[in-house]
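model10.cif follows (mmCIF, C-alpha atoms):
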```cif
data_query
#
loop_
_atom_site.group_PDB
_atom_site.id
_atom_site.type_symbol
_atom_site.label_atom_id
_atom_site.label_comp_id
_atom_site.auth_asym_id
_atom_site.auth_seq_id
_atom_site.Cartn_x
_atom_site.Cartn_y
_atom_site.Cartn_z
ATOM 1 C CA MET A 186 -86.323 47.967 55.552
ATOM 2 C CA ILE A 187 -89.787 48.913 56.788
ATOM 3 C CA PHE A 188 -88.876 48.247 60.423
ATOM 4 C CA SER A 189 -85.655 50.248 60.006
ATOM 5 C CA LEU A 190 -87.732 53.219 58.887
ATOM 6 C CA ILE A 191 -90.165 52.886 61.793
ATOM 7 C CA TYR A 192 -87.774 51.941 64.583
ATOM 8 C CA GLU A 193 -84.083 52.508 65.220
ATOM 9 C CA ARG A 194 -81.481 52.977 62.563
ATOM 10 C CA ARG A 195 -79.802 49.754 61.455
ATOM 11 C CA LEU A 196 -82.328 47.604 63.303
ATOM 12 C CA TRP A 197 -81.446 44.536 61.234
ATOM 13 C CA CYS A 198 -77.676 44.909 61.670
ATOM 14 C CA ARG A 199 -77.833 45.613 65.407
ATOM 15 C CA TYR A 200 -80.364 43.065 66.622
ATOM 16 C CA LEU A 201 -81.254 40.477 63.988
ATOM 17 C CA CYS A 202 -78.256 39.826 61.750
ATOM 18 C CA PRO A 203 -75.880 37.170 63.124
ATOM 19 C CA ILE A 204 -72.939 38.746 61.299
ATOM 20 C CA GLY A 205 -73.688 42.140 62.861
ATOM 21 C CA GLY A 206 -73.918 40.511 66.282
ATOM 22 C CA MET A 207 -70.645 38.689 65.740
ATOM 23 C CA ASN A 208 -68.964 41.932 64.656
ATOM 24 C CA GLY A 209 -70.352 43.622 67.776
ATOM 25 C CA MET A 210 -68.872 40.920 70.000
ATOM 26 C CA PHE A 211 -65.492 41.185 68.273
ATOM 27 C CA ALA A 212 -65.609 44.984 68.676
ATOM 28 C CA LYS A 213 -65.438 44.465 72.433
ATOM 29 C CA LEU A 214 -61.920 43.108 71.912
ATOM 30 C CA SER A 215 -60.774 46.204 70.017
ATOM 31 C CA MET A 216 -57.714 48.244 70.985
ATOM 32 C CA ILE A 217 -59.447 51.506 70.057
ATOM 33 C CA GLU A 218 -62.617 53.133 71.273
ATOM 34 C CA LEU A 219 -64.618 56.189 70.382
ATOM 35 C CA ARG A 220 -65.828 58.121 73.424
ATOM 36 C CA SER A 221 -66.633 61.686 74.362
ATOM 37 C CA THR A 222 -66.685 63.702 77.560
ATOM 38 C CA GLN A 223 -70.173 64.002 79.065
ATOM 39 C CA GLN A 224 -69.370 67.325 80.749
ATOM 40 C CA VAL A 225 -68.304 68.951 77.473
ATOM 41 C CA CYS A 226 -71.293 67.553 75.595
ATOM 42 C CA GLY A 227 -73.699 68.664 78.318
ATOM 43 C CA SER A 228 -72.349 72.161 78.905
ATOM 44 C CA GLN A 229 -70.806 73.349 75.613
ATOM 45 C CA CYS A 230 -72.769 71.592 72.875
ATOM 46 C CA SER A 231 -75.984 73.100 71.565
ATOM 47 C CA THR A 232 -76.349 71.292 68.233
ATOM 48 C CA PHE A 233 -75.888 67.590 69.126
ATOM 49 C CA GLY A 234 -74.823 67.134 65.518
ATOM 50 C CA CYS A 235 -72.969 63.938 66.335
ATOM 51 C CA TYR A 236 -76.258 62.383 67.402
ATOM 52 C CA LYS A 237 -78.937 63.807 65.131
ATOM 53 C CA GLY A 238 -76.974 65.551 62.384
ATOM 54 C CA SER A 239 -76.367 69.220 61.676
ATOM 55 C CA GLY A 240 -75.105 71.672 59.143
ATOM 56 C CA VAL A 241 -71.629 73.153 59.160
ATOM 57 C CA THR A 242 -70.791 74.255 62.701
ATOM 58 C CA PRO A 243 -68.201 76.949 63.444
ATOM 59 C CA VAL A 244 -65.205 75.629 65.347
ATOM 60 C CA THR A 245 -63.879 77.792 68.174
ATOM 61 C CA PHE A 246 -60.349 76.338 68.349
ATOM 62 C CA ALA A 247 -57.414 78.337 67.011
ATOM 63 C CA GLU A 248 -55.827 75.243 65.442
ATOM 64 C CA ALA A 249 -59.041 73.890 63.920
ATOM 65 C CA LEU A 250 -58.596 71.032 61.507
ATOM 66 C CA PRO A 251 -60.357 71.210 58.136
ATOM 67 C CA ASN A 252 -62.407 68.097 58.932
ATOM 68 C CA GLU A 253 -63.948 69.493 62.161
ATOM 69 C CA GLY A 254 -67.430 71.009 62.259
ATOM 70 C CA GLN A 255 -68.593 69.390 59.031
ATOM 71 C CA ALA A 256 -72.210 68.929 58.037
ATOM 72 C CA THR A 257 -73.346 65.351 58.674
ATOM 73 C CA GLY A 258 -76.532 63.354 58.905
ATOM 74 C CA GLY A 259 -75.690 62.241 62.435
ATOM 75 C CA CYS A 260 -74.728 58.852 63.749
ATOM 76 C CA PRO A 261 -75.971 56.067 61.465
ATOM 77 C CA LEU A 262 -76.809 54.046 64.578
ATOM 78 C CA TYR A 263 -78.400 57.027 66.369
ATOM 79 C CA LEU A 264 -76.003 56.825 69.309
ATOM 80 C CA HIS A 265 -74.457 59.652 71.261
ATOM 81 C CA PRO A 266 -70.733 59.065 71.875
ATOM 82 C CA ALA A 267 -71.019 60.266 75.488
ATOM 83 C CA GLN A 268 -73.520 57.486 76.203
ATOM 84 C CA LEU A 269 -71.470 54.586 74.790
ATOM 85 C CA GLN A 270 -70.726 51.922 77.380
ATOM 86 C CA ASP A 271 -68.860 49.531 75.086
ATOM 87 C CA ASN A 272 -67.862 49.145 71.443
ATOM 88 C CA ARG A 273 -70.640 46.709 70.542
ATOM 89 C CA ASP A 274 -72.863 49.222 68.760
ATOM 90 C CA CYS A 275 -70.296 51.717 67.451
ATOM 91 C CA MET A 276 -69.194 51.127 63.837
ATOM 92 C CA LEU A 277 -66.315 53.623 64.103
ATOM 93 C CA CYS A 278 -67.656 55.579 61.135
ATOM 94 C CA MET A 279 -66.173 58.751 62.706
ATOM 95 C CA THR A 280 -69.245 60.871 61.908
ATOM 96 C CA CYS A 281 -69.236 62.271 65.445
ATOM 97 C CA LEU A 282 -65.579 63.297 65.092
ATOM 98 C CA LYS A 283 -66.336 65.188 61.886
ATOM 99 C CA THR A 284 -69.257 67.167 63.255
ATOM 100 C CA CYS A 285 -68.163 67.922 66.848
ATOM 101 C CA PRO A 286 -67.112 71.594 67.148
ATOM 102 C CA ASN A 287 -65.891 71.094 70.755
ATOM 103 C CA ARG A 288 -63.479 68.175 70.233
ATOM 104 C CA SER A 289 -65.389 66.155 72.771
ATOM 105 C CA ALA A 290 -65.560 62.998 70.642
ATOM 106 C CA GLN A 291 -62.144 61.326 70.565
ATOM 107 C CA LEU A 292 -60.619 58.128 69.300
ATOM 108 C CA ASN A 293 -58.678 56.545 72.163
ATOM 109 C CA LEU A 294 -56.227 53.675 72.486
ATOM 110 C CA ARG A 295 -57.054 51.235 75.223
ATOM 111 C CA PHE A 296 -56.132 47.839 76.594
ATOM 112 C CA PRO A 297 -57.488 45.084 74.321
ATOM 113 C CA ALA A 298 -60.725 43.493 75.577
ATOM 114 C CA SER A 299 -61.252 46.164 78.221
ATOM 115 C CA ASP A 300 -65.007 46.051 77.506
ATOM 116 C CA LEU A 301 -64.978 42.466 78.740
ATOM 117 C CA LEU A 302 -62.715 43.160 81.708
ATOM 118 C CA ASP A 303 -64.524 46.228 83.072
ATOM 119 C CA ASN A 304 -67.979 45.446 84.451
ATOM 120 C CA HIS A 305 -69.084 43.289 81.527
ATOM 121 C CA LYS A 306 -72.703 42.224 81.716
ATOM 122 C CA GLY A 307 -73.637 39.750 79.025
ATOM 123 C CA PHE A 308 -77.211 39.344 77.913
ATOM 124 C CA TRP A 309 -79.198 36.459 76.522
ATOM 125 C CA ALA A 310 -78.864 37.484 72.856
ATOM 126 C CA GLU A 311 -75.051 37.367 73.045
ATOM 127 C CA VAL A 312 -75.153 33.947 74.671
ATOM 128 C CA ALA A 313 -77.629 32.647 72.097
ATOM 129 C CA LEU A 314 -75.480 33.999 69.259
ATOM 130 C CA LEU A 315 -72.333 32.412 70.674
ATOM 131 C CA LEU A 316 -74.094 29.063 70.984
ATOM 132 C CA LEU A 317 -75.489 29.405 67.451
ATOM 133 C CA LEU A 318 -72.060 30.230 66.020
ATOM 134 C CA LEU A 319 -70.515 27.276 67.833
ATOM 135 C CA GLY A 320 -73.355 25.116 66.550
ATOM 136 C CA GLY A 321 -72.456 26.328 63.058
ATOM 137 C CA VAL A 322 -68.970 24.893 63.601
ATOM 138 C CA PHE A 323 -70.572 21.551 64.448
ATOM 139 C CA MET A 324 -72.719 21.830 61.300
ATOM 140 C CA HIS A 325 -69.641 22.544 59.208
ATOM 141 C CA HIS A 326 -68.090 19.296 60.431
ATOM 142 C CA ALA A 327 -71.369 17.326 60.368
ATOM 143 C CA HIS A 328 -70.084 14.441 58.233
ATOM 144 C CA ARG A 329 -67.005 13.974 60.416
ATOM 145 C CA ILE A 330 -69.031 14.072 63.665
ATOM 146 C CA LEU A 331 -71.658 11.679 62.308
ATOM 147 C CA GLY A 332 -68.851 9.373 61.154
ATOM 148 C CA TRP A 333 -67.359 9.339 64.666
ATOM 149 C CA LEU A 334 -70.759 8.414 66.077
ATOM 150 C CA GLY A 335 -71.265 5.625 63.535
ATOM 151 C CA PHE A 336 -73.888 7.462 61.479
ATOM 152 C CA GLY A 337 -71.635 8.446 58.573
ATOM 153 C CA SER A 338 -74.138 7.237 55.969
ATOM 154 C CA ILE A 339 -76.840 9.734 57.035
ATOM 155 C CA PRO A 340 -77.104 12.459 54.368
ATOM 156 C CA VAL A 341 -77.141 16.043 55.606
ATOM 157 C CA ASP A 342 -77.881 18.086 52.500
ATOM 158 C CA ALA A 343 -80.719 19.893 50.731
ATOM 159 C CA ASP A 344 -81.764 16.790 48.812
ATOM 160 C CA HIS A 345 -82.682 14.944 52.034
ATOM 161 C CA LEU A 346 -84.465 17.583 54.126
ATOM 162 C CA LEU A 347 -86.627 15.189 56.160
ATOM 163 C CA ILE A 348 -83.505 13.480 57.481
ATOM 164 C CA GLY A 349 -81.195 16.498 57.406
ATOM 165 C CA ILE A 350 -83.301 18.949 59.427
ATOM 166 C CA PRO A 351 -83.506 16.834 62.616
ATOM 167 C CA VAL A 352 -79.789 16.018 62.355
ATOM 168 C CA ALA A 353 -79.006 19.724 61.881
ATOM 169 C CA LEU A 354 -81.117 20.661 64.911
ATOM 170 C CA VAL A 355 -79.336 18.068 67.037
ATOM 171 C CA LEU A 356 -75.932 19.349 65.901
ATOM 172 C CA LEU A 357 -76.925 22.968 66.558
ATOM 173 C CA CYS A 358 -78.081 22.017 70.082
ATOM 174 C CA ILE A 359 -74.799 20.315 71.055
ATOM 175 C CA PRO A 360 -73.117 23.524 72.331
ATOM 176 C CA ALA A 361 -76.159 24.469 74.443
ATOM 177 C CA VAL A 362 -76.373 20.961 75.927
ATOM 178 C CA LEU A 363 -72.638 20.894 76.670
ATOM 179 C CA THR A 364 -72.845 24.322 78.302
ATOM 180 C CA TYR A 365 -75.814 23.256 80.418
ATOM 181 C CA LEU A 366 -74.103 20.021 81.501
ATOM 182 C CA THR A 367 -70.905 21.886 82.372
ATOM 183 C CA HIS A 368 -72.891 24.351 84.441
ATOM 184 C CA ALA A 369 -74.856 21.560 86.138
ATOM 185 C CA ILE A 370 -71.779 19.610 87.252
ATOM 186 C CA SER A 371 -69.637 22.598 88.240
ATOM 187 C CA PRO A 372 -69.541 23.457 91.942
ATOM 188 C CA VAL A 373 -71.390 26.639 92.807
ATOM 189 C CA SER A 374 -69.202 29.068 94.704
#
```

Spell out the structure here as structure tokens.
Amino acid sequence: MIFSLIYERRLWCRYLCPIGGMNGMFAKLSMIELRSTQQVCGSQCSTFGCYKGSGVTPVTFAEALPNEGQATGGCPLYLHPAQLQDNRDCMLCMTCLKTCPNRSAQLNLRFPASDLLDNHKGFWAEVALLLLLLGGVFMHHAHRILGWLGFGSIPVDADHLLIGIPVALVLLCIPAVLTYLTHAISPVS
């Protein structure tokens, strides 16, 4: 909580929590996206309420909806919708839609997984999280895997930590080792 007050909003959820990271990766597969037009935000907006919060803003459209131009505290993740590159960080809370008086922020339908298909650049934290989650699958089936290897009698529980921790580390490393071996034997093109 202290670091969230000092640094970015939702620091734990965005960078440290494995569940938040997993949700961010699944958001890249989404069929909807929240984006806004940079030209409208840059030329017509003076409040930036979607980003930093604002009071009630008058809406200039003739057919204004009652939920437009509302007072909000700004994006809970402190993101501007015109700067979003993918869905990883957006929670789709719709705060920017409520506060935008120019209708720049919009919820759009899109092709599923378009974040992955259009210029996707993964980074080390995503790879580490994927390997950790896959290692968790190996941990879930630890007794079955150890049984296949002939070590079915080794206890992997909280009562036997001195034996269980090294076995757990080995099981968590299996996906990384398999990935490295696959990369090492694959032909480089």

* Explicit residues for the PyMOL selection byres ((chain A and resi 270) around 12) (as number ranges by chain) -> A: 213, 218-221, 264-269, 271-275, 299-301, 303-306

* Asked: Applied to this file, what does the PyMOL selection byres ((chain A and resi 328) around 9) return in terms of residues, put as a PyMOL selection string?
  -> chain A and resi 324-327+329-333+336-341

* Of the candidates A:Tyr365, A:Tyr192, A:Tyr200, A:Phe233, which one gets nearest to Ala290 of chain A if we count all atoms listed in the file? -> A:Phe233

* To do: Would you kindly return, as number ranges by chain, each protein, DNA or RNA residue with an atom no farther than 9 Å from any atom of Met207 of chain A, considering all atoms listed in the file and excluding same-chain residues fewer than 2 positions away?
  => A: 202-205, 209-212, 311, 314-315, 318

Just write the chosen residues, C-alpha atoms, as a PDB file, in the frame of the given file.
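Result file again_29.pdb:
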```pdb
ATOM      1  CA  CYS A 202     -78.256  39.826  61.750  1.00  0.00           C
ATOM      2  CA  PRO A 203     -75.880  37.170  63.124  1.00  0.00           C
ATOM      3  CA  ILE A 204     -72.939  38.746  61.299  1.00  0.00           C
ATOM      4  CA  GLY A 205     -73.688  42.140  62.861  1.00  0.00           C
ATOM      5  CA  GLY A 209     -70.352  43.622  67.776  1.00  0.00           C
ATOM      6  CA  MET A 210     -68.872  40.920  70.000  1.00  0.00           C
ATOM      7  CA  PHE A 211     -65.492  41.185  68.273  1.00  0.00           C
ATOM      8  CA  ALA A 212     -65.609  44.984  68.676  1.00  0.00           C
ATOM      9  CA  GLU A 311     -75.051  37.367  73.045  1.00  0.00           C
ATOM     10  CA  LEU A 314     -75.480  33.999  69.259  1.00  0.00           C
ATOM     11  CA  LEU A 315     -72.333  32.412  70.674  1.00  0.00           C
ATOM     12  CA  LEU A 318     -72.060  30.230  66.020  1.00  0.00           C
TER      13      LEU A 318
END
```

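When atom CA of Leu302 of chain A is paired with atom CA of His368 of chain A, their separation reads 21.6 Å.
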
* **Surrounding residues of Gly240 of chain A excluding itself and chain neighbours under 4 positions, 7 Å, all atoms listed in the file, as JSON, numbers by chain** => {"A": [255, 256, 257]}

* Asked: From the list A:Ile348, A:Val362, A:Val244, A:Ala343, which residue is nearest Thr284 of chain A when using all atoms listed in the file?
  -> A:Val244

* Taking into account only C-alpha atoms, which residue in the set A:Leu250, A:Leu319, A:Leu262, A:Val225 is nearest to Arg194 of chain A? -> A:Leu262

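Distances here use all atoms listed in the file; by that measure, the residue among A:Thr280, A:Thr367, A:Asn293, A:Asn287 closest to Gln229 of chain A is A:Asn287.
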
Can you sort out the box for segment 200-216 of chain A, edges along x, y and z, all listed atoms in, 5 Å on every side, with centre and edge lengths in Å to one decimal, as AutoDock Vina command-line options?
```
--center_x -69.5 --center_y 42.7 --center_z 66.9 --size_x 33.5 --size_y 21.1 --size_z 21.1
```

Could you get me a file of segment 312-327 of chain A with all heavy atoms, as a PDB file, in the first residue's frame, taken from the block above?
```
ATOM      1  N   VAL A 312       7.096 -13.380 -20.090  1.00  0.00           N
ATOM      2  CA  VAL A 312       7.679 -14.705 -20.290  1.00  0.00           C
ATOM      3  C   VAL A 312       7.877 -15.395 -18.950  1.00  0.00           C
ATOM      4  O   VAL A 312       7.533 -16.575 -18.783  1.00  0.00           O
ATOM      5  CB  VAL A 312       9.021 -14.594 -21.057  1.00  0.00           C
ATOM      6  CG1 VAL A 312       9.709 -15.936 -21.141  1.00  0.00           C
ATOM      7  CG2 VAL A 312       8.792 -14.006 -22.434  1.00  0.00           C
ATOM      8  N   ALA A 313       8.399 -14.672 -17.971  1.00  0.00           N
ATOM      9  CA  ALA A 313       8.611 -15.257 -16.647  1.00  0.00           C
ATOM     10  C   ALA A 313       7.284 -15.679 -16.025  1.00  0.00           C
ATOM     11  O   ALA A 313       7.193 -16.748 -15.405  1.00  0.00           O
ATOM     12  CB  ALA A 313       9.328 -14.258 -15.746  1.00  0.00           C
ATOM     13  N   LEU A 314       6.244 -14.864 -16.196  1.00  0.00           N
ATOM     14  CA  LEU A 314       4.939 -15.218 -15.639  1.00  0.00           C
ATOM     15  C   LEU A 314       4.356 -16.453 -16.326  1.00  0.00           C
ATOM     16  O   LEU A 314       3.804 -17.332 -15.662  1.00  0.00           O
ATOM     17  CB  LEU A 314       3.973 -14.040 -15.760  1.00  0.00           C
ATOM     18  CG  LEU A 314       2.572 -14.278 -15.201  1.00  0.00           C
ATOM     19  CD1 LEU A 314       2.631 -14.568 -13.702  1.00  0.00           C
ATOM     20  CD2 LEU A 314       1.689 -13.094 -15.467  1.00  0.00           C
ATOM     21  N   LEU A 315       4.491 -16.522 -17.640  1.00  0.00           N
ATOM     22  CA  LEU A 315       4.005 -17.709 -18.350  1.00  0.00           C
ATOM     23  C   LEU A 315       4.724 -18.972 -17.884  1.00  0.00           C
ATOM     24  O   LEU A 315       4.093 -20.015 -17.656  1.00  0.00           O
ATOM     25  CB  LEU A 315       4.177 -17.533 -19.854  1.00  0.00           C
ATOM     26  CG  LEU A 315       3.172 -16.635 -20.546  1.00  0.00           C
ATOM     27  CD1 LEU A 315       3.589 -16.384 -21.981  1.00  0.00           C
ATOM     28  CD2 LEU A 315       1.794 -17.236 -20.493  1.00  0.00           C
ATOM     29  N   LEU A 316       6.032 -18.882 -17.716  1.00  0.00           N
ATOM     30  CA  LEU A 316       6.787 -20.042 -17.242  1.00  0.00           C
ATOM     31  C   LEU A 316       6.410 -20.395 -15.801  1.00  0.00           C
ATOM     32  O   LEU A 316       6.316 -21.567 -15.444  1.00  0.00           O
ATOM     33  CB  LEU A 316       8.284 -19.786 -17.358  1.00  0.00           C
ATOM     34  CG  LEU A 316       8.821 -19.682 -18.787  1.00  0.00           C
ATOM     35  CD1 LEU A 316      10.288 -19.302 -18.781  1.00  0.00           C
ATOM     36  CD2 LEU A 316       8.590 -20.967 -19.551  1.00  0.00           C
ATOM     37  N   LEU A 317       6.167 -19.387 -14.971  1.00  0.00           N
ATOM     38  CA  LEU A 317       5.752 -19.637 -13.595  1.00  0.00           C
ATOM     39  C   LEU A 317       4.372 -20.285 -13.543  1.00  0.00           C
ATOM     40  O   LEU A 317       4.141 -21.223 -12.767  1.00  0.00           O
ATOM     41  CB  LEU A 317       5.754 -18.334 -12.799  1.00  0.00           C
ATOM     42  CG  LEU A 317       5.384 -18.452 -11.332  1.00  0.00           C
ATOM     43  CD1 LEU A 317       6.458 -19.231 -10.580  1.00  0.00           C
ATOM     44  CD2 LEU A 317       5.199 -17.085 -10.721  1.00  0.00           C
ATOM     45  N   LEU A 318       3.447 -19.804 -14.366  1.00  0.00           N
ATOM     46  CA  LEU A 318       2.109 -20.398 -14.392  1.00  0.00           C
ATOM     47  C   LEU A 318       2.152 -21.835 -14.895  1.00  0.00           C
ATOM     48  O   LEU A 318       1.465 -22.708 -14.360  1.00  0.00           O
ATOM     49  CB  LEU A 318       1.172 -19.557 -15.261  1.00  0.00           C
ATOM     50  CG  LEU A 318       0.811 -18.185 -14.704  1.00  0.00           C
ATOM     51  CD1 LEU A 318       0.043 -17.378 -15.734  1.00  0.00           C
ATOM     52  CD2 LEU A 318       0.023 -18.308 -13.423  1.00  0.00           C
ATOM     53  N   LEU A 319       2.966 -22.095 -15.903  1.00  0.00           N
ATOM     54  CA  LEU A 319       3.114 -23.463 -16.390  1.00  0.00           C
ATOM     55  C   LEU A 319       3.793 -24.332 -15.339  1.00  0.00           C
ATOM     56  O   LEU A 319       3.435 -25.500 -15.164  1.00  0.00           O
ATOM     57  CB  LEU A 319       3.893 -23.477 -17.704  1.00  0.00           C
ATOM     58  CG  LEU A 319       3.960 -24.813 -18.430  1.00  0.00           C
ATOM     59  CD1 LEU A 319       2.574 -25.376 -18.690  1.00  0.00           C
ATOM     60  CD2 LEU A 319       4.720 -24.662 -19.728  1.00  0.00           C
ATOM     61  N   GLY A 320       4.748 -23.775 -14.624  1.00  0.00           N
ATOM     62  CA  GLY A 320       5.357 -24.495 -13.513  1.00  0.00           C
ATOM     63  C   GLY A 320       4.348 -24.816 -12.422  1.00  0.00           C
ATOM     64  O   GLY A 320       4.421 -25.863 -11.772  1.00  0.00           O
ATOM     65  N   GLY A 321       3.386 -23.916 -12.220  1.00  0.00           N
ATOM     66  CA  GLY A 321       2.307 -24.182 -11.261  1.00  0.00           C
ATOM     67  C   GLY A 321       1.466 -25.379 -11.667  1.00  0.00           C
ATOM     68  O   GLY A 321       0.985 -26.131 -10.813  1.00  0.00           O
ATOM     69  N   VAL A 322       1.293 -25.581 -12.970  1.00  0.00           N
ATOM     70  CA  VAL A 322       0.585 -26.776 -13.455  1.00  0.00           C
ATOM     71  C   VAL A 322       1.387 -28.025 -13.101  1.00  0.00           C
ATOM     72  O   VAL A 322       0.828 -29.027 -12.641  1.00  0.00           O
ATOM     73  CB  VAL A 322       0.336 -26.685 -14.978  1.00  0.00           C
ATOM     74  CG1 VAL A 322      -0.229 -27.979 -15.515  1.00  0.00           C
ATOM     75  CG2 VAL A 322      -0.584 -25.524 -15.300  1.00  0.00           C
ATOM     76  N   PHE A 323       2.697 -27.960 -13.269  1.00  0.00           N
ATOM     77  CA  PHE A 323       3.541 -29.096 -12.880  1.00  0.00           C
ATOM     78  C   PHE A 323       3.462 -29.331 -11.366  1.00  0.00           C
ATOM     79  O   PHE A 323       3.449 -30.474 -10.919  1.00  0.00           O
ATOM     80  CB  PHE A 323       4.995 -28.853 -13.302  1.00  0.00           C
ATOM     81  CG  PHE A 323       5.248 -29.126 -14.745  1.00  0.00           C
ATOM     82  CD1 PHE A 323       5.106 -28.134 -15.691  1.00  0.00           C
ATOM     83  CD2 PHE A 323       5.627 -30.385 -15.175  1.00  0.00           C
ATOM     84  CE1 PHE A 323       5.338 -28.378 -17.024  1.00  0.00           C
ATOM     85  CE2 PHE A 323       5.855 -30.648 -16.521  1.00  0.00           C
ATOM     86  CZ  PHE A 323       5.707 -29.637 -17.445  1.00  0.00           C
ATOM     87  N   MET A 324       3.415 -28.259 -10.588  1.00  0.00           N
ATOM     88  CA  MET A 324       3.298 -28.408  -9.129  1.00  0.00           C
ATOM     89  C   MET A 324       1.957 -29.030  -8.750  1.00  0.00           C
ATOM     90  O   MET A 324       1.879 -29.810  -7.812  1.00  0.00           O
ATOM     91  CB  MET A 324       3.435 -27.042  -8.443  1.00  0.00           C
ATOM     92  CG  MET A 324       4.840 -26.577  -8.299  1.00  0.00           C
ATOM     93  SD  MET A 324       5.842 -27.666  -7.288  1.00  0.00           S
ATOM     94  CE  MET A 324       4.924 -27.689  -5.767  1.00  0.00           C
ATOM     95  N   HIS A 325       0.918 -28.665  -9.460  1.00  0.00           N
ATOM     96  CA  HIS A 325      -0.403 -29.218  -9.174  1.00  0.00           C
ATOM     97  C   HIS A 325      -0.426 -30.731  -9.376  1.00  0.00           C
ATOM     98  O   HIS A 325      -1.117 -31.453  -8.665  1.00  0.00           O
ATOM     99  CB  HIS A 325      -1.456 -28.536 -10.051  1.00  0.00           C
ATOM    100  CG  HIS A 325      -2.846 -29.013  -9.812  1.00  0.00           C
ATOM    101  ND1 HIS A 325      -3.547 -28.682  -8.670  1.00  0.00           N
ATOM    102  CD2 HIS A 325      -3.665 -29.803 -10.547  1.00  0.00           C
ATOM    103  CE1 HIS A 325      -4.735 -29.248  -8.715  1.00  0.00           C
ATOM    104  NE2 HIS A 325      -4.833 -29.930  -9.852  1.00  0.00           N
ATOM    105  N   HIS A 326       0.326 -31.194 -10.347  1.00  0.00           N
ATOM    106  CA  HIS A 326       0.388 -32.629 -10.652  1.00  0.00           C
ATOM    107  C   HIS A 326       1.694 -33.251 -10.153  1.00  0.00           C
ATOM    108  O   HIS A 326       2.203 -34.203 -10.750  1.00  0.00           O
ATOM    109  CB  HIS A 326       0.246 -32.840 -12.161  1.00  0.00           C
ATOM    110  CG  HIS A 326      -1.057 -32.374 -12.705  1.00  0.00           C
ATOM    111  ND1 HIS A 326      -2.243 -33.019 -12.454  1.00  0.00           N
ATOM    112  CD2 HIS A 326      -1.372 -31.302 -13.477  1.00  0.00           C
ATOM    113  CE1 HIS A 326      -3.231 -32.377 -13.046  1.00  0.00           C
ATOM    114  NE2 HIS A 326      -2.724 -31.325 -13.671  1.00  0.00           N
ATOM    115  N   ALA A 327       2.248 -32.715  -9.065  1.00  0.00           N
ATOM    116  CA  ALA A 327       3.550 -33.162  -8.566  1.00  0.00           C
ATOM    117  C   ALA A 327       3.572 -34.656  -8.239  1.00  0.00           C
ATOM    118  O   ALA A 327       4.512 -35.365  -8.596  1.00  0.00           O
ATOM    119  CB  ALA A 327       3.948 -32.346  -7.334  1.00  0.00           C
TER     120      ALA A 327
END
```
